[in-house]
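J.: My structure is stored as data13.txt, with compact mmCIF, C-alpha atoms.
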```txt
# COMPACT_ATOMS: atom_id res chain seq x y z
CA MET A 296 104.68 -161.18 25.00
CA SER A 297 106.57 -158.53 23.04
CA PHE A 298 106.44 -157.98 19.28
CA PRO A 299 109.56 -155.95 18.38
CA LEU A 300 109.72 -153.85 15.26
CA SER A 301 112.60 -155.95 13.93
CA HIS A 302 110.26 -158.94 13.95
CA VAL A 303 107.50 -157.33 11.91
CA THR A 304 109.92 -156.15 9.25
CA SER A 305 111.97 -159.34 8.94
CA SER A 306 111.71 -161.22 5.65
CA SER A 307 110.59 -164.43 7.36
CA SER A 308 107.53 -162.90 9.01
CA SER A 309 106.60 -159.92 6.88
CA SER A 310 106.11 -161.53 3.44
CA SER A 311 102.34 -161.56 3.97
CA LEU A 312 102.42 -157.98 5.24
CA ASP A 313 104.56 -156.87 2.29
CA ALA A 314 102.07 -158.42 -0.13
CA HIS A 315 99.31 -156.37 1.53
CA GLY A 316 101.24 -153.10 1.15
CA TRP A 317 103.45 -152.96 4.25
CA ASP A 318 106.48 -150.67 3.90
CA SER A 319 109.05 -148.83 6.00
CA GLY A 320 106.67 -145.91 6.53
CA TRP A 321 104.02 -148.15 8.06
CA ALA A 322 106.68 -149.91 10.14
CA GLU A 323 107.83 -146.58 11.54
CA ALA A 324 104.27 -145.51 12.33
CA PHE A 325 103.65 -148.85 14.05
CA ALA A 326 106.72 -148.68 16.32
CA PRO A 327 104.82 -147.41 19.42
CA TYR A 328 102.33 -150.28 19.13
CA ALA A 329 105.10 -152.82 18.58
CA ALA A 330 106.57 -151.67 21.88
CA GLN A 331 103.24 -152.57 23.50
CA GLY A 332 103.41 -156.10 22.11
CA LEU A 333 100.70 -155.57 19.49
CA VAL A 334 100.68 -157.17 16.04
CA PRO A 335 100.36 -155.20 12.76
CA GLY A 336 97.87 -156.24 10.13
CA ARG A 337 95.76 -154.91 7.30
CA VAL A 338 91.98 -154.96 7.48
CA ILE A 339 90.64 -156.98 4.55
CA ARG A 340 86.95 -157.09 5.50
CA VAL A 341 84.63 -155.50 8.09
CA ASP A 342 81.18 -156.65 9.15
CA ARG A 343 79.01 -156.56 12.29
CA GLY A 344 81.56 -155.13 14.68
CA GLN A 345 84.30 -157.53 13.68
CA CYS A 346 86.89 -157.62 10.96
CA ASP A 347 89.31 -159.95 9.19
CA VAL A 348 92.91 -158.79 9.49
CA ALA A 349 95.84 -160.07 7.43
CA THR A 350 98.85 -160.40 9.74
CA ALA A 351 102.33 -161.85 9.27
CA ASP A 352 101.02 -165.17 10.63
CA GLY A 353 97.85 -165.30 8.55
CA ILE A 354 94.31 -163.92 8.64
CA VAL A 355 92.78 -163.43 12.09
CA ARG A 356 89.28 -162.46 13.22
CA ALA A 357 89.26 -159.46 15.55
CA ASP A 358 86.67 -157.42 17.44
CA THR A 359 86.51 -153.66 16.74
CA ALA A 360 84.87 -152.59 20.02
CA PHE A 361 87.92 -150.58 21.10
CA VAL A 362 88.03 -148.54 17.85
CA THR A 363 84.40 -147.52 17.37
CA PRO A 364 84.36 -143.68 17.42
CA HIS A 365 81.27 -141.49 17.15
CA ASP A 366 82.57 -139.97 13.90
CA PRO A 367 81.50 -142.32 11.06
CA LEU A 368 84.53 -141.24 9.07
CA ARG A 369 86.82 -142.68 11.75
CA VAL A 370 85.31 -146.16 11.98
CA ILE A 371 87.59 -149.01 11.01
CA CYS A 372 87.46 -149.69 7.28
CA THR A 373 88.78 -152.08 4.67
CA GLY A 374 92.31 -150.96 3.83
CA ASP A 375 93.16 -149.69 7.32
CA TRP A 376 96.38 -150.79 9.03
CA ALA A 377 95.57 -152.01 12.54
CA ALA A 378 97.30 -152.87 15.80
CA VAL A 379 95.89 -156.21 16.94
CA ASP A 380 96.24 -158.32 20.07
CA PRO A 381 99.00 -160.94 19.64
CA GLU A 382 98.21 -164.63 19.44
CA GLY A 383 97.33 -166.07 22.82
CA ALA A 384 96.04 -162.78 24.20
CA GLY A 385 92.55 -164.18 24.55
CA ASP A 386 89.43 -164.93 22.56
CA PRO A 387 88.28 -162.84 20.86
CA ARG A 388 91.30 -160.84 19.82
CA TYR A 389 90.81 -157.08 19.53
CA VAL A 390 91.89 -154.28 17.24
CA ARG A 391 93.42 -151.82 19.70
CA ALA A 392 94.20 -148.97 17.29
CA CYS A 393 94.44 -147.98 13.64
CA LEU A 394 97.39 -146.21 12.06
CA PRO A 395 96.75 -142.73 10.61
CA ARG A 396 95.44 -143.03 7.07
CA ARG A 397 97.44 -141.81 4.12
CA THR A 398 94.33 -141.45 1.98
CA ALA A 399 90.62 -142.06 2.51
CA PHE A 400 87.78 -142.42 0.03
CA ALA A 401 84.60 -140.94 1.52
CA ARG A 402 81.15 -139.90 0.34
CA SER A 403 78.06 -138.43 2.00
CA THR A 404 75.39 -140.89 3.03
CA SER A 405 71.94 -140.96 1.48
CA SER A 406 70.40 -140.12 4.84
CA LYS A 407 69.32 -136.63 5.86
CA ARG A 408 71.78 -136.54 8.76
CA SER A 409 74.60 -135.26 6.56
CA GLU A 410 77.03 -137.92 7.65
CA GLY A 411 80.13 -138.99 5.81
CA GLN A 412 80.80 -142.62 4.98
CA ILE A 413 84.29 -144.02 4.60
CA LEU A 414 84.47 -146.50 1.70
CA ALA A 415 88.15 -147.46 1.59
CA ALA A 416 91.37 -146.44 3.31
CA ASN A 417 94.99 -146.05 2.21
CA VAL A 418 94.16 -146.23 -1.49
CA ASP A 419 96.61 -145.26 -4.25
CA HIS A 420 94.45 -145.89 -7.32
CA ALA A 421 90.69 -145.45 -7.78
CA VAL A 422 89.30 -147.41 -10.75
CA ILE A 423 85.91 -145.98 -11.72
CA THR A 424 84.08 -148.72 -13.62
CA VAL A 425 81.50 -147.56 -16.17
CA SER A 426 79.44 -150.03 -18.21
CA LEU A 427 79.11 -149.53 -21.96
CA ALA A 428 75.94 -151.65 -21.87
CA VAL A 429 74.01 -148.45 -21.13
CA GLU A 430 74.26 -144.82 -22.22
CA LEU A 431 77.17 -142.94 -20.67
CA ASP A 432 76.26 -140.71 -17.72
CA LEU A 433 79.01 -138.09 -17.87
CA GLY A 434 77.67 -136.27 -14.81
CA ARG A 435 77.99 -139.40 -12.68
CA ILE A 436 81.53 -139.95 -13.94
CA GLU A 437 82.39 -136.39 -12.90
CA ARG A 438 81.03 -137.10 -9.40
CA PHE A 439 83.13 -140.23 -9.01
CA LEU A 440 86.18 -138.37 -10.26
CA ALA A 441 85.66 -135.53 -7.78
CA LEU A 442 85.53 -137.99 -4.87
CA ALA A 443 88.56 -139.87 -6.21
CA TRP A 444 90.72 -136.76 -6.56
CA GLU A 445 89.61 -135.54 -3.13
CA SER A 446 90.62 -138.85 -1.56
CA GLY A 447 94.22 -138.43 -2.65
CA ALA A 448 94.11 -141.41 -5.02
CA GLN A 449 94.92 -141.34 -8.73
CA PRO A 450 91.73 -142.11 -10.69
CA THR A 451 91.41 -144.28 -13.78
CA VAL A 452 88.17 -144.72 -15.73
CA VAL A 453 87.46 -148.21 -17.07
CA LEU A 454 84.80 -148.52 -19.76
CA SER A 455 83.71 -152.10 -19.10
CA LYS A 456 81.87 -154.45 -21.46
CA ALA A 457 83.66 -152.88 -24.42
CA ASP A 458 82.85 -156.01 -26.46
CA LEU A 459 79.28 -154.68 -26.66
CA VAL A 460 80.60 -151.86 -28.90
CA PRO A 461 82.13 -153.82 -31.81
CA ASP A 462 82.65 -150.74 -34.00
CA PRO A 463 86.18 -149.40 -33.24
CA VAL A 464 85.25 -145.91 -34.41
CA GLY A 465 82.18 -145.80 -32.19
CA LEU A 466 84.23 -147.04 -29.24
CA SER A 467 86.87 -144.37 -29.85
CA TYR A 468 84.16 -141.69 -29.75
CA LEU A 469 82.94 -142.99 -26.38
CA VAL A 470 86.48 -142.94 -25.01
CA GLU A 471 86.90 -139.39 -26.31
CA ASP A 472 83.65 -138.29 -24.64
CA VAL A 473 84.89 -139.55 -21.27
CA GLU A 474 88.34 -138.05 -21.75
CA THR A 475 86.75 -134.61 -22.17
CA VAL A 476 85.29 -134.82 -18.64
CA ALA A 477 88.32 -136.51 -17.10
CA PRO A 478 91.36 -134.26 -17.56
CA GLY A 479 94.56 -135.94 -16.43
CA VAL A 480 92.87 -139.34 -16.16
CA GLN A 481 93.60 -142.48 -18.16
CA VAL A 482 90.50 -143.96 -19.83
CA VAL A 483 90.69 -147.71 -20.56
CA PRO A 484 88.10 -149.56 -22.70
CA LEU A 485 88.02 -153.09 -21.32
CA SER A 486 86.26 -156.38 -21.85
CA SER A 487 86.53 -159.15 -19.29
CA THR A 488 85.06 -161.45 -21.96
CA THR A 489 87.69 -160.89 -24.66
CA GLY A 490 90.50 -159.68 -22.41
CA GLU A 491 90.79 -156.35 -24.25
CA GLY A 492 92.41 -153.70 -22.05
CA LEU A 493 93.06 -156.07 -19.17
CA ASP A 494 96.83 -155.89 -19.63
CA VAL A 495 96.69 -152.10 -19.55
CA LEU A 496 94.70 -152.05 -16.32
CA SER A 497 96.87 -154.76 -14.75
CA ALA A 498 99.89 -152.53 -15.27
CA VAL A 499 98.08 -149.59 -13.62
CA VAL A 500 97.12 -151.55 -10.49
CA ALA A 501 100.33 -153.59 -10.19
CA GLY A 502 101.69 -151.34 -7.45
CA GLY A 503 99.95 -149.97 -4.37
CA THR A 504 96.31 -150.33 -3.37
CA THR A 505 93.45 -150.02 -5.85
CA VAL A 506 89.75 -149.60 -5.10
CA LEU A 507 87.06 -150.56 -7.63
CA LEU A 508 84.11 -148.14 -7.73
CA GLY A 509 80.91 -147.95 -9.73
CA VAL A 510 77.19 -148.56 -9.73
CA SER A 511 75.61 -152.02 -9.57
CA GLY A 512 75.89 -153.83 -12.87
CA ALA A 513 79.01 -151.98 -13.99
CA GLY A 514 81.03 -155.20 -13.97
CA LYS A 515 83.24 -154.62 -10.93
CA SER A 516 83.00 -158.17 -9.60
CA THR A 517 83.79 -159.65 -13.01
CA LEU A 518 86.72 -157.26 -13.28
CA ALA A 519 87.92 -158.18 -9.79
CA ASN A 520 87.90 -161.88 -10.74
CA ALA A 521 89.88 -161.13 -13.90
CA LEU A 522 92.52 -159.11 -12.03
CA VAL A 523 92.87 -161.58 -9.16
CA GLY A 524 93.00 -164.51 -11.60
CA GLU A 525 90.29 -166.59 -9.92
CA ASP A 526 86.60 -166.39 -9.03
CA VAL A 527 86.81 -164.54 -5.72
CA MET A 528 83.55 -162.64 -6.24
CA ASP A 529 80.09 -163.87 -7.23
CA VAL A 530 78.80 -162.46 -10.49
CA GLN A 531 75.19 -161.87 -11.55
CA ALA A 532 73.89 -160.76 -14.92
CA ALA A 533 72.71 -157.18 -15.30
CA ARG A 534 69.17 -156.51 -16.49
CA ASP A 535 68.94 -156.07 -20.25
CA ILE A 536 66.45 -153.21 -19.94
CA ASP A 537 68.72 -150.77 -18.13
CA GLY A 538 72.02 -152.54 -17.49
CA LYS A 539 71.55 -152.42 -13.73
CA GLY A 540 72.44 -155.30 -11.48
CA ARG A 541 71.75 -156.41 -7.95
CA HIS A 542 74.35 -155.87 -5.25
CA THR A 543 76.54 -158.90 -5.91
CA THR A 544 79.14 -157.46 -3.55
CA THR A 545 77.73 -156.60 -0.12
CA THR A 546 80.95 -155.88 1.76
CA ARG A 547 84.29 -154.30 0.90
CA ASN A 548 86.87 -156.99 0.33
CA LEU A 549 90.64 -156.72 -0.08
CA PHE A 550 92.60 -159.17 -2.25
CA VAL A 551 96.28 -159.58 -3.07
CA LEU A 552 96.92 -159.38 -6.83
CA PRO A 553 99.21 -161.90 -8.55
CA THR A 554 100.95 -159.05 -10.39
CA GLY A 555 101.64 -157.20 -7.14
CA GLY A 556 99.53 -154.70 -5.26
CA VAL A 557 96.16 -155.20 -3.62
CA LEU A 558 92.59 -154.67 -4.76
CA ILE A 559 89.53 -153.51 -2.79
CA ASP A 560 86.18 -154.37 -4.35
CA THR A 561 83.19 -152.36 -3.13
CA PRO A 562 79.41 -152.77 -3.35
CA GLY A 563 77.66 -150.91 -6.15
CA LEU A 564 76.88 -147.34 -5.14
CA ARG A 565 73.31 -146.15 -5.65
CA GLY A 566 74.18 -142.59 -4.66
CA VAL A 567 77.43 -140.71 -5.20
CA GLY A 568 77.10 -137.80 -2.80
CA LEU A 569 80.00 -135.41 -2.36
CA TRP A 570 81.65 -135.03 1.03
CA ASP A 571 83.73 -131.85 1.42
CA ALA A 572 85.20 -132.36 -2.05
CA GLU A 573 85.94 -128.80 -3.16
CA THR A 574 89.49 -129.62 -4.22
CA GLY A 575 88.32 -132.71 -6.10
CA VAL A 576 85.64 -130.74 -7.97
CA GLY A 577 88.23 -128.16 -8.92
CA GLN A 578 90.49 -130.90 -10.28
CA VAL A 579 87.71 -132.41 -12.40
CA PHE A 580 86.75 -129.02 -13.83
CA SER A 581 90.27 -127.62 -14.05
CA GLU A 582 89.60 -125.91 -17.38
CA ILE A 583 86.72 -123.90 -15.86
CA GLU A 584 88.76 -122.85 -12.84
CA GLU A 585 91.59 -121.83 -15.15
CA LEU A 586 89.19 -119.73 -17.22
CA ALA A 587 87.74 -118.20 -14.04
CA GLY A 588 91.20 -116.90 -13.18
CA ASN A 589 90.95 -114.65 -16.25
CA CYS A 590 87.56 -113.14 -15.34
CA ARG A 591 87.50 -109.40 -14.65
CA PHE A 592 86.02 -109.90 -11.17
CA HIS A 593 87.52 -112.37 -8.70
CA ASP A 594 84.05 -113.30 -7.39
CA CYS A 595 82.51 -113.67 -10.85
CA ALA A 596 79.48 -115.96 -10.89
CA HIS A 597 79.90 -116.59 -14.64
CA GLU A 598 76.39 -115.45 -15.41
CA SER A 599 76.03 -111.91 -16.77
CA GLU A 600 79.10 -110.13 -15.41
CA PRO A 601 81.17 -108.11 -17.90
CA GLY A 602 84.59 -109.50 -18.73
CA CYS A 603 83.67 -113.09 -17.81
CA ALA A 604 86.14 -115.48 -19.45
CA VAL A 605 83.91 -118.48 -18.71
CA ALA A 606 80.92 -116.90 -20.47
CA ALA A 607 83.18 -116.04 -23.40
CA ALA A 608 84.25 -119.67 -23.67
CA ILE A 609 80.60 -120.73 -23.67
CA GLU A 610 79.91 -118.16 -26.38
CA ASP A 611 82.70 -119.32 -28.69
CA GLY A 612 81.89 -122.99 -28.11
CA SER A 613 85.19 -123.98 -26.48
CA LEU A 614 83.38 -124.81 -23.21
CA PRO A 615 80.22 -126.96 -23.38
CA VAL A 616 77.19 -125.60 -21.53
CA ARG A 617 76.63 -129.04 -19.96
CA ARG A 618 80.08 -128.90 -18.44
CA LEU A 619 79.47 -125.54 -16.74
CA GLU A 620 76.05 -126.62 -15.47
CA SER A 621 77.57 -129.79 -13.98
CA TYR A 622 80.32 -127.75 -12.33
CA ARG A 623 77.79 -125.38 -10.77
CA LYS A 624 75.66 -128.27 -9.56
CA LEU A 625 78.54 -130.01 -7.80
CA ILE A 626 79.84 -126.78 -6.28
CA ARG A 627 76.37 -125.98 -4.85
CA GLU A 628 75.94 -129.51 -3.53
CA ASN A 629 79.34 -129.47 -1.89
CA GLN A 630 78.64 -126.10 -0.28
CA ARG A 631 75.40 -127.43 1.20
CA ILE A 632 77.16 -130.45 2.67
CA VAL A 633 79.96 -128.37 4.16
CA ALA A 634 77.53 -125.75 5.46
CA LYS A 635 75.65 -128.34 7.50
CA THR A 636 78.78 -129.05 9.52
CA ASP A 637 80.58 -125.67 9.40
CA ALA A 638 78.89 -122.59 10.92
CA ARG A 639 81.36 -120.22 9.26
CA VAL A 640 80.52 -121.55 5.81
CA ARG A 641 76.79 -121.34 6.60
CA ASN A 642 77.18 -117.64 7.46
CA GLU A 643 79.16 -116.96 4.30
CA ILE A 644 76.53 -118.64 2.13
CA LEU A 645 73.76 -116.71 3.89
CA LYS A 646 75.60 -113.42 3.31
CA ASP A 647 76.07 -114.31 -0.35
CA TRP A 648 72.36 -115.08 -0.74
CA LYS A 649 71.46 -111.75 0.88
CA ARG A 650 73.93 -109.88 -1.35
CA LYS A 651 72.55 -111.49 -4.51
CA GLY A 652 69.00 -110.81 -3.34
CA ALA A 653 69.80 -107.14 -2.79
CA GLU A 654 71.47 -106.90 -6.19
CA GLY A 655 68.44 -108.51 -7.81
CA ARG A 656 66.04 -106.10 -6.13
CA HIS A 657 68.23 -103.15 -7.13
CA ALA A 658 68.30 -104.33 -10.75
CA MET A 659 64.52 -104.63 -10.74
CA GLU A 660 64.14 -101.12 -9.32
CA MET A 661 66.48 -99.82 -12.03
CA LYS A 662 64.42 -101.55 -14.67
CA ARG A 663 61.25 -99.98 -13.35
CA GLY A 664 62.88 -96.55 -13.33
CA ARG A 665 62.57 -96.02 -9.61
CA VAL A 666 66.31 -95.57 -9.03
CA ARG A 667 68.16 -92.66 -10.56
```
Give the structure from this file in structure tokens form.

T.:
Amino acid sequence: MSFPLSHVTSSSSSSSLDAHGWDSGWAEAFAPYAAQGLVPGRVIRVDRGQCDVATADGIVRADTAFVTPHDPLRVICTGDWAAVDPEGAGDPRYVRACLPRRTAFARSTSSKRSEGQILAANVDHAVITVSLAVELDLGRIERFLALAWESGAQPTVVLSKADLVPDPVGLSYLVEDVETVAPGVQVVPLSSTTGEGLDVLSAVVAGGTTVLLGVSGAGKSTLANALVGEDVMDVQAARDIDGKGRHTTTTRNLFVLPTGGVLIDTPGLRGVGLWDAETGVGQVFSEIEELAGNCRFHDCAHESEPGCAVAAAIEDGSLPVRRLESYRKLIRENQRIVAKTDARVRNEILKDWKRKGAEGRHAMEMKRGRVR
């Protein structure tokens, strides 16, 4: 049974695919698989070695045994476009291949094996959901932003449960605080209870694929229900004491939005570990990297070097100390992650440690008057 490319792009059969994000680029990439008689579809859920795939003829259940690589970043994921056995090919049907991803949202796992974990694939917008029921954690927001920028998606920060901050002035200050750590990112105060901000976010996610990210209790499932227009996700109340919630969402689910576009809801993330996110970190802290370009020395550590533009900005108050400390922390963390998988980077870090150690010993000898 053949499945020609003209069939998968025809209006009669591709309406479901189009709703899930199918376009001419995906059709072109799928051409070799169409020639093999395979069916295109988008993965909307993965669990226990099987996945649900939205095809032109509806949702099918498929086995992923043929696309289970050793690299955890290459495993099939919600948002992937897959080549699936056609109807009548047997039971179960199989995913035979996945199309190359345009973008991928990944983090490091909480294990000590330094493995990456793919959270969502082919994402255009990353909505970072932050609850106003608890005190803002700007450092965590910066982490999410770094991963979002690194993925290739455009981030948006949603301050959920805005109805808990009835004072407009106080709410504006909270928005301003987040804007200072999110250059180039839209910050939307939103309440699923009152509907405030929902129209703004609906316009952002109306085209392309959006992934919802955040910790448990941030209100992602409630937000997903509001965007989809029906109760597609279970919702549980967060604890009053700390605003945290249990993992209402346990798998990554993809839904078609009534306004156009698709939405991927994800489980609450306990840890937000970086995974080779140097570019993303640089994007989040763009003002620091811009200042660093004006330092006298190209390898300035922004500590006690003469002519350091970053230190000058700290001195005059234009750059908050917390911001620089957060930048250093994420840079160090990212270097450690990369070093565990890249021997060249490990050697460079070791050389840098040795150089700084030698400089420190020399400075101590100078202080003691033993070096002339």

J.: List as a VMD selection string the residues having at least one atom at most 8 Å from position (81.9, -149.6, -13.5) as given in the file, counting all atoms listed in the file.

T.: chain A and resid 423 to 426 453 to 455 507 to 515

J.: So that I can see what lies close to A:Ala399, please list as a PyMOL selection string the residues with an atom at most 8 Å from it, counting all atoms listed in the file and leaving out residues fewer than 2 positions away in the same chain.

T.: chain A and resi 396-397+401+413-418+446-447

J.: Go ahead and write the selection's residues with C-alpha atoms as a CSV table (one decimal), in the coordinates of the input.

T.:
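selection_2.csv, written as the output of this step:
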```csv
chain,number,residue,atom,x,y,z
A,396,ARG,CA,95.4,-143.0,7.1
A,397,ARG,CA,97.4,-141.8,4.1
A,401,ALA,CA,84.6,-140.9,1.5
A,413,ILE,CA,84.3,-144.0,4.6
A,414,LEU,CA,84.5,-146.5,1.7
A,415,ALA,CA,88.2,-147.5,1.6
A,416,ALA,CA,91.4,-146.4,3.3
A,417,ASN,CA,95.0,-146.0,2.2
A,418,VAL,CA,94.2,-146.2,-1.5
A,446,SER,CA,90.6,-138.8,-1.6
A,447,GLY,CA,94.2,-138.4,-2.6
```

J.: Can you work out the spacing between atom CA of A:Ser311 and atom CA of A:Ala329 in Å, to one decimal?

T.: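 Calculated distance between atom CA of A:Ser311 and atom CA of A:Ala329 is 17.2 Å.
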
J.: Which residue gives the smallest distance to A:Arg356 among A:Phe592, A:Ala421, A:Val379, A:Leu368, with only C-alpha atoms counted?

T.: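 Nearest to A:Arg356: A:Val379.
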
J.: Which distance in Å separates atom CA of A:Asn520 and atom CA of A:Leu549, to one decimal?

T.: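 Answer for the atom CA of A:Asn520 to atom CA of A:Leu549 separation: 12.2 Å.
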
J.: What is the atom CA of A:Gly336 to atom CA of A:Ala448 distance in Å?

T.: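 We find that atom CA of A:Gly336 and atom CA of A:Ala448 lie 21.5 Å from each other.
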
J.: Neighbouring residues of stretch 462-472 of chain A were defined as those with any atom within 10 Å, considering all atoms listed in the file; residues of the same chain fewer than 2 positions away were excluded. Please report them as number ranges by chain.

T.: A: 427, 430-431, 433, 452-454, 457-460, 474-477, 481-484

J.: Using only C-alpha atoms, which residues sit within 7 Å of stretch 385-392 of chain A once same-chain residues fewer than 4 positions away are excluded, as a ChimeraX atom specification?

T.: /A:357-359,361-362,377-380

J.: When distances are computed from all atoms listed in the file, which of A:Thr505, A:Gln578, A:Ser403, A:Thr517 shows the smallest separation from A:Asn629?

T.: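 So, comparing all the options, the nearest one is A:Ser403.
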
J.: Could stretch 378-392 of chain A be written out with C-alpha atoms, as a compact mmCIF listing (two decimals), in the first residue's frame, please?

T.:
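And here is the file that came out, selection-v1.txt:
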```txt
# COMPACT_ATOMS: atom_id res chain seq x y z
CA ALA A 378 6.53 8.05 10.03
CA VAL A 379 4.03 5.37 11.03
CA ASP A 380 2.91 2.07 9.53
CA PRO A 381 -0.22 2.55 7.38
CA GLU A 382 -3.57 1.14 8.41
CA GLY A 383 -3.74 -2.61 7.87
CA ALA A 384 0.00 -3.11 8.26
CA GLY A 385 -0.51 -5.22 11.36
CA ASP A 386 -1.16 -4.94 15.06
CA PRO A 387 0.52 -3.17 16.69
CA ARG A 388 1.47 -0.45 14.27
CA TYR A 389 4.99 0.94 14.60
CA VAL A 390 6.72 4.29 14.42
CA ARG A 391 9.43 3.62 11.84
CA ALA A 392 11.24 6.97 11.98
```
